[in-house]
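Trainee: Take a look at structure.csv, CSV, C-alpha atoms:
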chain,number,residue,atom,x,y,z
A,1,MET,CA,3.5,62.1,-33.3
A,2,LYS,CA,0.8,60.9,-35.7
A,3,LEU,CA,1.7,60.5,-39.4
A,4,SER,CA,-1.0,63.1,-40.3
A,5,GLN,CA,0.9,65.6,-38.2
A,6,LEU,CA,4.3,64.9,-39.7
A,7,THR,CA,6.0,67.6,-41.7
A,8,THR,CA,8.7,66.4,-44.0
A,9,GLY,CA,10.6,67.7,-47.0
A,10,LEU,CA,8.3,65.6,-49.2
A,11,THR,CA,5.1,67.0,-50.5
A,12,ALA,CA,1.8,65.2,-49.8
A,13,ALA,CA,1.8,63.6,-53.3
A,14,ALA,CA,5.4,62.1,-52.9
A,15,LEU,CA,5.7,58.7,-54.3
A,16,LEU,CA,6.3,55.9,-51.8
A,17,PHE,CA,8.0,53.8,-54.4
A,18,SER,CA,10.1,56.6,-56.0
A,19,SER,CA,13.5,55.4,-57.2
A,20,VAL,CA,16.3,56.2,-54.8
A,21,THR,CA,18.2,57.7,-57.7
A,22,ALA,CA,15.3,60.0,-58.7
A,23,SER,CA,14.8,63.4,-57.2
A,24,ILE,CA,12.2,63.9,-54.6
A,25,GLU,CA,10.7,66.7,-56.6
A,26,ALA,CA,10.1,64.5,-59.6
A,27,ALA,CA,8.5,61.8,-57.5
A,28,SER,CA,6.2,64.3,-55.8
A,29,THR,CA,4.7,65.4,-59.0
A,30,ALA,CA,3.5,62.0,-60.1
A,31,ALA,CA,-0.2,61.9,-60.5
A,32,ALA,CA,-2.3,59.6,-58.4
A,33,SER,CA,-3.8,57.1,-60.8
A,34,THR,CA,-5.6,53.7,-60.8
A,35,SER,CA,-4.7,53.0,-64.4
A,36,PHE,CA,-1.1,52.4,-65.6
A,37,LYS,CA,0.2,51.8,-69.1
A,38,ASP,CA,2.2,48.8,-67.9
A,39,VAL,CA,-0.4,47.1,-65.6
A,40,LYS,CA,-3.3,45.0,-67.0
A,41,SER,CA,-6.4,44.0,-65.1
A,42,SER,CA,-5.4,40.3,-65.7
A,43,ASP,CA,-2.0,40.8,-63.9
A,44,TRP,CA,-1.7,38.7,-60.7
A,45,TYR,CA,-0.8,41.9,-58.8
A,46,TYR,CA,-3.5,44.2,-60.3
A,47,SER,CA,-6.0,44.0,-57.4
A,48,SER,CA,-3.3,44.6,-54.8
A,49,ILE,CA,-2.1,47.7,-56.6
A,50,GLN,CA,-5.7,49.0,-56.7
A,51,LYS,CA,-6.2,48.4,-53.0
A,52,LEU,CA,-3.0,50.1,-51.9
A,53,ILE,CA,-3.7,53.1,-54.2
A,54,SER,CA,-7.1,53.5,-52.6
A,55,LYS,CA,-5.4,53.7,-49.3
A,56,GLU,CA,-2.9,56.2,-50.6
A,57,LEU,CA,0.0,53.9,-49.8
A,58,VAL,CA,1.4,53.6,-53.3
A,59,ASN,CA,1.4,55.6,-56.6
A,60,GLY,CA,2.8,55.5,-60.1
A,61,PHE,CA,5.4,57.5,-62.0
A,62,GLU,CA,5.0,60.7,-64.1
A,63,ASP,CA,5.1,58.8,-67.4
A,64,GLY,CA,1.9,56.9,-66.4
A,65,THR,CA,3.7,53.6,-65.5
A,66,PHE,CA,3.9,51.7,-62.2
A,67,LYS,CA,7.0,49.8,-63.1
A,68,PRO,CA,5.9,46.5,-61.4
A,69,ASN,CA,9.1,44.6,-62.2
A,70,GLN,CA,11.4,47.3,-60.8
A,71,GLU,CA,13.2,46.3,-57.7
A,72,ILE,CA,12.3,47.9,-54.4
A,73,SER,CA,14.8,49.0,-51.8
A,74,ARG,CA,15.0,48.1,-48.2
A,75,ALA,CA,14.1,51.7,-47.2
A,76,GLU,CA,11.2,51.9,-49.6
A,77,PHE,CA,9.7,48.6,-48.4
A,78,LEU,CA,10.1,49.4,-44.7
A,79,LYS,CA,8.4,52.8,-45.3
A,80,LEU,CA,5.5,51.0,-46.9
A,81,VAL,CA,5.0,48.7,-44.0
A,82,ASP,CA,5.3,51.5,-41.5
A,83,LEU,CA,2.6,53.5,-43.2
A,84,SER,CA,0.4,50.3,-43.5
A,85,LEU,CA,0.7,49.8,-39.7
A,86,GLN,CA,0.0,53.5,-39.1
A,87,LEU,CA,3.1,53.8,-36.9
A,88,ASP,CA,4.1,57.1,-35.3
A,89,ILE,CA,6.9,58.5,-37.5
A,90,PRO,CA,9.3,60.9,-35.8
A,91,ALA,CA,10.5,64.0,-37.5
A,92,ASN,CA,13.7,63.6,-39.5
A,93,LEU,CA,16.9,65.3,-38.3
A,94,SER,CA,18.7,67.7,-40.5
A,95,GLY,CA,21.3,66.1,-42.7
A,96,LYS,CA,19.9,62.6,-42.2
A,97,PRO,CA,18.7,60.3,-45.1
A,98,TRP,CA,15.0,60.6,-45.8
A,99,TYR,CA,14.4,57.0,-44.5
A,100,THR,CA,15.9,57.6,-41.1
A,101,PRO,CA,12.6,58.3,-39.2
A,102,TYR,CA,11.0,55.2,-40.8
A,103,VAL,CA,13.8,53.0,-39.6
A,104,SER,CA,13.5,54.4,-36.1
A,105,ALA,CA,9.7,53.8,-36.1
A,106,ALA,CA,10.2,50.2,-37.3
A,107,VAL,CA,12.8,49.5,-34.6
A,108,GLU,CA,10.6,51.1,-31.9
A,109,ALA,CA,7.7,48.9,-33.0
A,110,GLY,CA,9.8,45.8,-33.1
A,111,ILE,CA,9.2,44.9,-36.8
A,112,HIS,CA,12.9,45.6,-37.6
A,113,ARG,CA,16.0,44.8,-35.7
A,114,THR,CA,19.3,46.6,-36.3
A,115,SER,CA,20.9,43.2,-36.9
A,116,ASP,CA,18.6,42.4,-39.8
A,117,PHE,CA,20.5,44.4,-42.4
A,118,ASN,CA,24.1,45.3,-43.1
A,119,GLY,CA,23.2,49.0,-43.1
A,120,ASN,CA,22.9,49.6,-46.8
A,121,TRP,CA,19.3,50.8,-46.9
A,122,THR,CA,19.3,51.8,-50.6
A,123,GLN,CA,20.0,48.3,-52.0
A,124,PRO,CA,17.1,46.1,-53.1
A,125,ILE,CA,15.4,44.1,-50.4
A,126,SER,CA,15.5,40.3,-50.6
A,127,ARG,CA,12.6,38.0,-50.1
A,128,GLN,CA,14.3,36.7,-46.9
A,129,GLU,CA,14.5,40.2,-45.5
A,130,MET,CA,10.9,40.9,-46.6
A,131,ALA,CA,9.7,37.8,-44.7
A,132,ARG,CA,11.3,39.0,-41.5
A,133,ILE,CA,9.6,42.4,-41.5
A,134,THR,CA,6.1,41.2,-42.6
A,135,VAL,CA,5.7,38.3,-40.2
A,136,ARG,CA,6.6,40.5,-37.3
A,137,ALA,CA,4.1,43.0,-38.6
A,138,ILE,CA,1.3,40.6,-38.3
A,139,ASP,CA,2.4,38.8,-35.1
A,140,GLN,CA,3.5,40.9,-32.1
A,141,THR,CA,4.7,37.8,-30.2
A,142,LEU,CA,7.5,37.4,-32.7
A,143,ARG,CA,8.7,41.0,-32.3
A,144,ASN,CA,10.5,40.6,-29.0
A,145,THR,CA,11.4,36.9,-29.0
A,146,LYS,CA,14.5,35.2,-30.3
A,147,THR,CA,13.8,33.8,-33.7
A,148,SER,CA,15.8,32.3,-36.6
A,149,ASP,CA,15.5,33.2,-40.2
A,150,THR,CA,14.2,29.8,-41.0
A,151,GLN,CA,11.4,30.1,-38.4
A,152,LEU,CA,10.4,33.5,-39.7
A,153,VAL,CA,10.2,32.3,-43.3
A,154,TYR,CA,8.2,29.3,-42.2
A,155,GLU,CA,5.8,31.5,-40.3
A,156,ALA,CA,5.4,33.8,-43.3
A,157,THR,CA,4.7,30.9,-45.7
A,158,LYS,CA,2.3,28.9,-43.5
A,159,ARG,CA,0.3,32.1,-42.8
A,160,GLY,CA,0.0,32.8,-46.5
A,161,ILE,CA,2.1,36.0,-46.5
A,162,LEU,CA,4.9,34.6,-48.6
A,163,SER,CA,4.3,32.3,-51.5
A,164,GLY,CA,6.7,30.4,-53.6
A,165,LEU,CA,8.0,31.3,-57.0
A,166,THR,CA,7.4,29.1,-60.1
A,167,GLY,CA,7.7,25.5,-58.9
A,168,GLY,CA,7.2,26.6,-55.3
A,169,GLU,CA,10.8,27.4,-54.6
A,170,LEU,CA,11.3,30.1,-52.0
A,171,GLY,CA,13.9,32.2,-53.8
A,172,LEU,CA,14.9,33.8,-50.5
A,173,LYS,CA,18.1,35.5,-51.9
A,174,GLU,CA,16.2,37.0,-54.8
A,175,ASN,CA,15.4,40.7,-54.8
A,176,SER,CA,11.8,41.7,-54.5
A,177,THR,CA,10.0,43.8,-57.1
A,178,ARG,CA,7.4,46.6,-56.6
A,179,ALA,CA,4.7,44.2,-57.7
A,180,GLN,CA,5.7,41.5,-55.2
A,181,ALA,CA,6.0,44.1,-52.4
A,182,THR,CA,2.5,45.4,-53.2
A,183,VAL,CA,1.0,42.0,-53.0
A,184,ILE,CA,2.8,41.1,-49.8
A,185,VAL,CA,1.6,44.3,-48.0
A,186,ASP,CA,-1.9,43.7,-49.3
A,187,ARG,CA,-1.8,40.3,-47.6
A,188,VAL,CA,-0.4,41.9,-44.4
A,189,LEU,CA,-3.4,44.3,-44.4
A,190,THR,CA,-5.8,41.4,-45.0
A,191,VAL,CA,-4.5,39.5,-41.9
A,192,LEU,CA,-4.5,42.6,-39.7
A,193,ASN,CA,-8.1,43.2,-40.7
A,194,GLY,CA,-9.1,39.7,-39.5
A,195,GLY,CA,-9.0,38.0,-43.0
A,196,ASN,CA,-7.7,34.6,-43.9
A,197,LEU,CA,-5.1,33.7,-46.5
A,198,THR,CA,-4.5,30.4,-48.3
A,199,ALA,CA,-1.0,29.1,-47.8
A,200,ASP,CA,1.1,27.9,-50.7
A,201,LYS,CA,1.6,24.2,-49.6
A,202,ARG,CA,4.7,23.7,-51.6
A,203,ALA,CA,6.4,26.8,-50.3
A,204,ALA,CA,5.3,26.1,-46.8
A,205,SER,CA,6.7,22.5,-47.0
A,206,TYR,CA,10.1,23.7,-48.2
A,207,ALA,CA,10.2,26.3,-45.5
A,208,GLU,CA,9.1,23.9,-42.8
A,209,VAL,CA,11.8,21.3,-43.8
A,210,ALA,CA,14.4,24.1,-43.6
A,211,TYR,CA,13.2,25.0,-40.2
A,212,ARG,CA,12.2,21.7,-38.6
A,213,GLY,CA,13.6,19.0,-40.8
A,214,THR,CA,10.1,17.8,-41.7
A,215,ASN,CA,6.9,19.0,-43.4
A,216,ILE,CA,4.5,17.1,-41.1
A,217,GLU,CA,2.5,20.2,-40.1
A,218,THR,CA,2.1,21.4,-43.6
A,219,MET,CA,1.0,18.0,-45.0
A,220,TRP,CA,-0.9,16.6,-42.0
A,221,GLY,CA,-2.0,19.7,-40.1
A,222,THR,CA,-0.1,18.5,-37.0
A,223,SER,CA,2.5,20.0,-34.7
A,224,ILE,CA,5.8,18.3,-33.8
A,225,ILE,CA,7.5,18.3,-30.5
A,226,ARG,CA,10.4,16.1,-31.4
A,227,SER,CA,12.9,18.1,-33.5
A,228,PHE,CA,15.1,16.8,-36.3
A,229,PRO,CA,17.8,15.7,-36.3
A,230,PHE,CA,17.6,13.1,-33.5
A,231,THR,CA,19.6,9.9,-32.9
A,232,GLU,CA,18.4,6.4,-32.0
A,233,ASP,CA,20.0,3.0,-31.6
A,234,ILE,CA,18.7,1.1,-34.6
A,235,SER,CA,20.5,-2.2,-34.0
A,236,PRO,CA,22.9,-3.7,-31.5
A,237,ASN,CA,25.7,-2.7,-33.9
A,238,ALA,CA,24.5,0.7,-35.2
A,239,LYS,CA,22.8,4.0,-34.5
A,240,GLY,CA,20.9,6.2,-36.8
A,241,THR,CA,20.7,10.0,-36.9
A,242,PHE,CA,17.4,11.0,-38.5
A,243,LYS,CA,18.0,14.2,-40.3
A,244,GLN,CA,14.7,14.7,-42.2
A,245,MET,CA,11.3,13.2,-42.7
A,246,LEU,CA,9.5,14.2,-45.9
A,247,VAL,CA,5.8,13.5,-46.5
A,248,ILE,CA,4.7,13.3,-50.1
A,249,ASP,CA,1.1,12.9,-51.3
A,250,LEU,CA,1.5,10.5,-54.2
A,251,ALA,CA,-2.1,11.2,-55.5
A,252,ASP,CA,-1.3,14.9,-56.0
A,253,LYS,CA,1.1,15.7,-58.9
A,254,ASN,CA,1.7,19.1,-57.3
A,255,SER,CA,2.5,17.8,-53.9
A,256,PRO,CA,5.8,19.1,-52.4
A,257,TYR,CA,8.7,16.9,-53.5
A,258,ARG,CA,6.5,14.9,-55.8
A,259,ASN,CA,8.9,15.7,-58.7
A,260,LEU,CA,11.4,13.5,-56.9
A,261,VAL,CA,9.2,10.4,-57.4
A,262,PRO,CA,8.5,9.6,-61.1
A,263,ASN,CA,7.3,6.1,-60.2
A,264,LEU,CA,7.5,3.6,-57.4
A,265,ILE,CA,7.7,-0.1,-56.7
A,266,ARG,CA,6.1,-1.3,-53.4
A,267,ALA,CA,7.6,-4.3,-51.8
A,268,ASP,CA,4.2,-6.1,-51.7
A,269,GLY,CA,3.6,-5.4,-55.4
A,270,ASN,CA,0.3,-3.4,-54.8
A,271,GLY,CA,-0.6,0.0,-56.2
A,272,TRP,CA,0.4,3.2,-54.4
A,273,ASP,CA,-1.8,5.9,-56.0
A,274,ASN,CA,-3.7,6.7,-52.8
A,275,ASP,CA,-0.7,6.5,-50.5
A,276,TYR,CA,1.6,8.9,-48.7
A,277,LEU,CA,5.3,8.4,-49.4
A,278,ILE,CA,7.3,8.9,-46.2
A,279,ALA,CA,11.0,9.5,-46.8
A,280,PHE,CA,13.5,9.3,-43.9
A,281,ASN,CA,16.9,10.7,-44.4
A,282,VAL,CA,19.2,8.9,-42.0
A,283,ILE,CA,22.9,8.7,-41.3
A,284,MET,CA,23.8,5.2,-40.1
A,285,THR,CA,26.9,4.8,-38.0
A,286,ALA,CA,28.4,1.4,-36.9
A,287,THR,CA,29.1,1.3,-33.2
A,288,LYS,CA,30.8,-2.1,-33.2
A,289,THR,CA,32.7,-4.2,-35.7
A,290,SER,CA,31.2,-7.4,-37.0
A,291,GLN,CA,33.1,-9.0,-39.8
A,292,ASN,CA,31.4,-9.6,-43.2
A,293,THR,CA,28.2,-7.9,-42.0
A,294,GLU,CA,26.2,-5.3,-43.8
A,295,LEU,CA,22.9,-3.7,-42.8
A,296,TYR,CA,20.0,-2.2,-44.7
A,297,LEU,CA,18.0,0.4,-42.8
A,298,ARG,CA,14.8,-1.2,-44.0
A,299,GLU,CA,15.7,-4.4,-42.1
A,300,MET,CA,15.8,-2.5,-38.8
A,301,ILE,CA,12.8,-0.1,-38.8
A,302,SER,CA,9.3,-1.0,-39.7
A,303,ASN,CA,5.5,-0.6,-39.1
A,304,PRO,CA,3.0,-3.3,-40.1
A,305,TYR,CA,1.0,-0.7,-42.0
A,306,MET,CA,3.9,0.7,-44.0
A,307,ASN,CA,5.4,-0.9,-47.1
A,308,PHE,CA,9.0,-0.5,-48.2
A,309,ALA,CA,9.2,1.2,-51.5
A,310,ALA,CA,11.9,2.1,-54.1
A,311,ILE,CA,12.0,4.7,-56.8
A,312,TYR,CA,11.6,3.3,-60.3
A,313,PRO,CA,13.6,3.3,-62.5
A,314,LEU,CA,16.3,2.5,-60.1
A,315,ASN,CA,18.8,4.7,-61.8
A,316,PHE,CA,16.5,7.8,-61.8
A,317,ASP,CA,18.4,10.9,-60.7
A,318,SER,CA,16.7,11.7,-57.4
A,319,LYS,CA,18.2,12.5,-54.0
A,320,LEU,CA,15.7,10.0,-52.5
A,321,ASN,CA,17.3,7.2,-54.6
A,322,LYS,CA,20.0,6.3,-52.1
A,323,LEU,CA,19.6,2.8,-50.7
A,324,GLU,CA,23.2,1.9,-49.6
A,325,THR,CA,24.1,-0.6,-46.9
A,326,LEU,CA,26.2,0.0,-43.8
A,327,LYS,CA,29.3,-2.2,-43.3
A,328,ILE,CA,29.6,-3.0,-39.7
A,329,GLN,CA,33.0,-1.6,-39.0
A,330,LYS,CA,33.3,0.7,-36.0
A,331,ASN,CA,32.7,4.4,-36.8
A,332,LYS,CA,31.8,3.5,-40.4
A,333,THR,CA,29.0,5.8,-41.7
A,334,VAL,CA,26.6,5.9,-44.6
A,335,GLU,CA,23.8,8.3,-45.5
A,336,VAL,CA,20.6,6.8,-46.9
A,337,TRP,CA,17.0,7.5,-47.7
A,338,HIS,CA,14.5,5.0,-46.4
A,339,LEU,CA,11.2,5.1,-48.3
A,340,VAL,CA,7.9,3.7,-47.1
A,341,THR,CA,4.3,4.1,-48.3
A,342,LEU,CA,1.3,4.5,-46.0
A,343,ASP,CA,-2.3,4.2,-47.1
A,344,LYS,CA,-4.3,7.3,-46.1
A,345,LYS,CA,-6.9,5.2,-44.4
A,346,ASP,CA,-4.2,3.4,-42.3
A,347,PHE,CA,-2.7,6.8,-41.5
A,348,ILE,CA,-6.0,8.0,-40.0
A,349,ASN,CA,-6.2,4.8,-37.9
A,350,ILE,CA,-2.7,5.2,-36.6
A,351,LYS,CA,-3.4,8.8,-35.8
A,352,ASN,CA,-6.7,8.3,-34.1
A,353,GLY,CA,-5.7,5.1,-32.3
A,354,ASP,CA,-2.5,6.6,-30.9
A,355,TRP,CA,-0.5,3.7,-32.4
A,356,PRO,CA,3.3,3.6,-32.6
A,357,PHE,CA,4.4,5.3,-35.8
A,358,LEU,CA,7.7,3.5,-36.3
A,359,TYR,CA,9.4,0.6,-34.6
A,360,PHE,CA,13.1,-0.2,-34.2
A,361,ASP,CA,12.7,-4.0,-34.3
A,362,TRP,CA,15.9,-5.1,-32.7
A,363,ALA,CA,14.9,-4.2,-29.2
A,364,ASN,CA,11.8,-6.4,-29.0
A,365,LYS,CA,9.8,-3.5,-30.4
A,366,GLN,CA,10.3,-1.4,-27.3
A,367,ASN,CA,12.0,1.5,-29.1
A,368,LYS,CA,9.2,3.5,-30.9
A,369,ILE,CA,8.2,6.8,-32.4
A,370,TYR,CA,4.6,7.6,-31.7
A,371,LEU,CA,2.0,9.6,-33.5
A,372,GLU,CA,-0.3,11.0,-30.9
A,373,LYS,CA,-4.0,11.8,-31.4
A,374,GLU,CA,-3.0,15.4,-31.7
A,375,GLY,CA,-0.6,14.4,-34.4
A,376,ARG,CA,2.6,15.0,-32.5
A,377,ILE,CA,5.6,12.8,-33.2
A,378,PHE,CA,7.9,12.1,-30.4
A,379,GLY,CA,10.4,9.4,-29.2
A,380,GLY,CA,10.0,7.2,-26.2
A,381,LYS,CA,10.9,3.9,-24.8
A,382,ASN,CA,8.0,2.2,-23.1
Please lay out the structure from this file as structure tokens.
Mentor:
Amino acid sequence: MKLSQLTTGLTAAALLFSSVTASIEAASTAAASTSFKDVKSSDWYYSSIQKLISKELVNGFEDGTFKPNQEISRAEFLKLVDLSLQLDIPANLSGKPWYTPYVSAAVEAGIHRTSDFNGNWTQPISRQEMARITVRAIDQTLRNTKTSDTQLVYEATKRGILSGLTGGELGLKENSTRAQATVIVDRVLTVLNGGNLTADKRAASYAEVAYRGTNIETMWGTSIIRSFPFTEDISPNAKGTFKQMLVIDLADKNSPYRNLVPNLIRADGNGWDNDYLIAFNVIMTATKTSQNTELYLREMISNPYMNFAAIYPLNFDSKLNKLETLKIQKNKTVEVWHLVTLDKKDFINIKNGDWPFLYFDWANKQNKIYLEKEGRIFGGKN
């Protein structure tokens, strides 16, 4: 049944965003308006509100307000997405909550799964939950495949649907507001109509690290086929489990994770303003015992184009400032961050030349991580 054919208990002017505690009658009498007392033309969500009003998807309240900072419920947001996608909405059954047909339509279309929520449809929707629905709305291949929350959030950020909050943080557990929901649905409509969105690089980096353990695709435009974590022998006496690899553009003060690096010292004493900082998070584990022996990770992995670096001042409070040694006693472990800088020109040469990206020196440089021409990082022993 088409939406235009649907007969419900709501009048044609019923508010999409009416409060779940307000009566349907009060919501239905709100006048359609493009001007609200609490919305200014300079507000970041203004154009999205105007666009969705023109499509008769949202409306305001009787008192002439839009209430942009009011939270939106799961049911209200799902209804908005359903209407935006022009889904067929079934008739509601007697005695069922008003949102029941919208839930059914969303499940039928594959944009919502019954396992997504705990069943409380009237509670505010979180940004995590919003990401699930919207990324499935724009990509049908994600509707019927097994996906993790971290993957869906990354897909939503890299496509420009979900942006970060102040500072780029994702705020996935935070509840979404009417203003945020309006902007998100506006972006969904833009993508569905063939438009392009600009991704928030910081938010996409944080989401990619949560999903893959690295932000290589966000920073270098490359895909990765070797997933983190992975484990390699890094010496005859130790193995290393590589948990994360962060790429930081030191020339960009707004680069993801740049706030973790106030200043640097390069081992060769040269400047680093035009470098990438590559930070490897590694758990080193001793596989043998060798009395009075300690290992630094920087002594075991290298690349002739990379320069070992350390955060300055050395006592700066940063999670990257962790340069401990591993005592070679069997099963002894230590978690470290290994920092290297890479000139951007050298990076292009490594990428285009298909040169090894990282050597584990102990094995006659036979144990390598490559950066392919396509930009993929993978492990191999040649």
Trainee: Please, what distance in Å, to one decimal, runs between atom CA of Tyr370 of chain A and atom CA of Trp355 of chain A?
Mentor: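 Separating atom CA of Tyr370 of chain A from atom CA of Trp355 of chain A is a distance of 6.5 Å.
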Trainee: Just to confirm, what's the straight-line distance from atom CA of Asn263 of chain A to atom CA of Ile283 of chain A in Å (one decimal)?
Mentor: 24.6 Å
Trainee: Calculated over all atoms listed in the file, which of the candidates A:Pro236, A:Gly269, A:Gly119, A:Pro304 has the smallest distance to Leu358 of chain A?
Mentor: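 The closest residue to Leu358 of chain A is A:Pro304.
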Trainee: Please, what distance in Å, to one decimal, runs between atom CA of Arg127 of chain A and atom CA of Glu217 of chain A?
Mentor: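 About the pair atom CA of Arg127 of chain A and atom CA of Glu217 of chain A: they are 22.8 Å apart.
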Trainee: Using only C-alpha atoms, which of the listed residues (A:Gly375, A:Pro229, A:Gly64, A:Gly213) sits closest to Phe36 of chain A?
Mentor: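 Closest to Phe36 of chain A, using only C-alpha atoms: A:Gly64.
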